[in-house]
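Peer 1: Sharing a structure below in structure tokens format, with a few things to ask.
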Amino acid sequence: MTHRVNPGRPIPKEATAIHGIGDADVRDAPTFPAIAPGLLDLMADADLAGFNVRRFDVPLLDREMKDAGLDLAVGSRRIIDVMTIFHRKEPRDLAAAVRFFLEREHAGAHGAAADIEA
């Protein structure tokens with residue numbers, strides 16, 4: 001299911017540049033409070049999953065639900081964030097950067113001189 005929602009305020013040009021949705025695209029769309037009850041019913045006791053949902057999507061959705069007078073009950077849902085899984089499988093640290101960019105292991109990792117040299 002996909003819904004376009006009228007945010008009730010102008011969409012910043014920077015946001016439109018990213019997702020391509022402008023004010024004219026949502027002019028006649030419903031507001032979030034208008035669709036929130038149906039969305040909450042659809043999700044019922046579902047778990048939530050996606051990429052970066054723990055830091056962005058879930059907090060945003062939770063806040064919007066609260067503003068609409070509803071409770072997403074985040075504490076009772078499992079949240080599966082694929083970004084967290086990806087980062088555990090593909091580390092984002094200096095040793096990983098050395099492997100990627102320099103095609104070698106980072107000897108002396110966490111030593112100041114070795115880290116600076118890397």
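Residues in the structure tokens are numbered from 1 in each chain, the chains being A, B, ... in the order shown, and ligands are numbered from 1 in the order shown.
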Please give the complete set of residues from region 6-118 of chain A that DSSP, run on the backbone, assigns to helix (DSSP H, G or I), formatted as a PyMOL selection string.

Peer 2: chain A and resi 13-19+23-26+32-43+53-67+74-76+82-89+94-102+112-117

Peer 1: Please report, as a tab-separated table, each residue of region 10-37 of chain A lying at most 9 Å from region 45-64 of chain A, together with the nearest pair of atoms and the separation in Å rounded to one decimal; use only C-alpha atoms, and order rows by chain and ascending residue number.

Peer 2:
residue	atom	partner	partner_atom	distance
A:Phe32	CA	A:Glu64	CA	7.5
A:Pro33	CA	A:Glu64	CA	8.1
A:Ala36	CA	A:Glu64	CA	8.4

Peer 1: Restricting it to all heavy atoms, dump the selection as a PDB file, in the first residue's frame.

Peer 2:
ATOM      1  N   PHE A  32      -2.330  13.133   7.347  1.00  0.00           N
ATOM      2  CA  PHE A  32      -1.984  11.917   8.075  1.00  0.00           C
ATOM      3  C   PHE A  32      -3.051  11.545   9.114  1.00  0.00           C
ATOM      4  O   PHE A  32      -3.438  10.373   9.198  1.00  0.00           O
ATOM      5  CB  PHE A  32      -0.600  12.028   8.739  1.00  0.00           C
ATOM      6  CG  PHE A  32      -0.184  10.728   9.348  1.00  0.00           C
ATOM      7  CD1 PHE A  32       0.352   9.718   8.565  1.00  0.00           C
ATOM      8  CD2 PHE A  32      -0.368  10.482  10.698  1.00  0.00           C
ATOM      9  CE1 PHE A  32       0.698   8.489   9.110  1.00  0.00           C
ATOM     10  CE2 PHE A  32      -0.017   9.268  11.261  1.00  0.00           C
ATOM     11  CZ  PHE A  32       0.522   8.267  10.460  1.00  0.00           C
ATOM     12  N   PRO A  33      -3.555  12.492   9.902  1.00  0.00           N
ATOM     13  CA  PRO A  33      -4.603  12.107  10.859  1.00  0.00           C
ATOM     14  C   PRO A  33      -5.817  11.446  10.207  1.00  0.00           C
ATOM     15  O   PRO A  33      -6.483  10.616  10.822  1.00  0.00           O
ATOM     16  CB  PRO A  33      -4.981  13.432  11.531  1.00  0.00           C
ATOM     17  CG  PRO A  33      -3.738  14.258  11.434  1.00  0.00           C
ATOM     18  CD  PRO A  33      -3.149  13.888  10.086  1.00  0.00           C
ATOM     19  N   ALA A  36      -4.477   7.797   9.498  1.00  0.00           N
ATOM     20  CA  ALA A  36      -3.778   7.124  10.600  1.00  0.00           C
ATOM     21  C   ALA A  36      -4.573   5.972  11.224  1.00  0.00           C
ATOM     22  O   ALA A  36      -4.005   4.899  11.448  1.00  0.00           O
ATOM     23  CB  ALA A  36      -3.369   8.137  11.659  1.00  0.00           C
TER      24      ALA A  36
END

Peer 1: Quick one: everything within 10 Å of Ala44 (chain A), counting only C-alpha atoms, minus sequence neighbours fewer than 5 positions away in the same chain. Send it as a list in words.

Peer 2: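 Listed by chain and then number, they are Gly38, Leu39, Leu72 and Ala73 of chain A.
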
Peer 1: Residues near region 104-118 of chain A, anyone? I mean within 8 Å using only C-alpha atoms, not counting same-chain ones fewer than 2 positions away, as a PyMOL selection string.

Peer 2: chain A and resi 94-95+98-100+102

Peer 1: Report the distance between CA of Glu90 (chain A) and CA of Glu103 (chain A) in Å, rounded to one decimal place.

Peer 2: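 Result for CA of Glu90 (chain A) versus CA of Glu103 (chain A): 15.2 Å, one decimal.
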
Peer 1: Leaving out Asp23 (chain A) and any residue of its chain fewer than 6 positions from it, which residues lie within 12 Å of it when counting only C-alpha atoms, given as JSON, numbers by chain?

Peer 2: {"A": [4, 5, 6, 7, 8, 9, 10, 11, 12, 13, 15, 16, 29]}

Peer 1: Go through region 2-116 of chain A and collect every residue that DSSP, computed from the backbone, puts in strand (DSSP E); the answer should be as a list in words.

Peer 2: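 Of region 2-116 of chain A, only Leu48, Ala49, Gly50, Ile79, Ile80 and Asp81 of chain A fall in strand (DSSP E).
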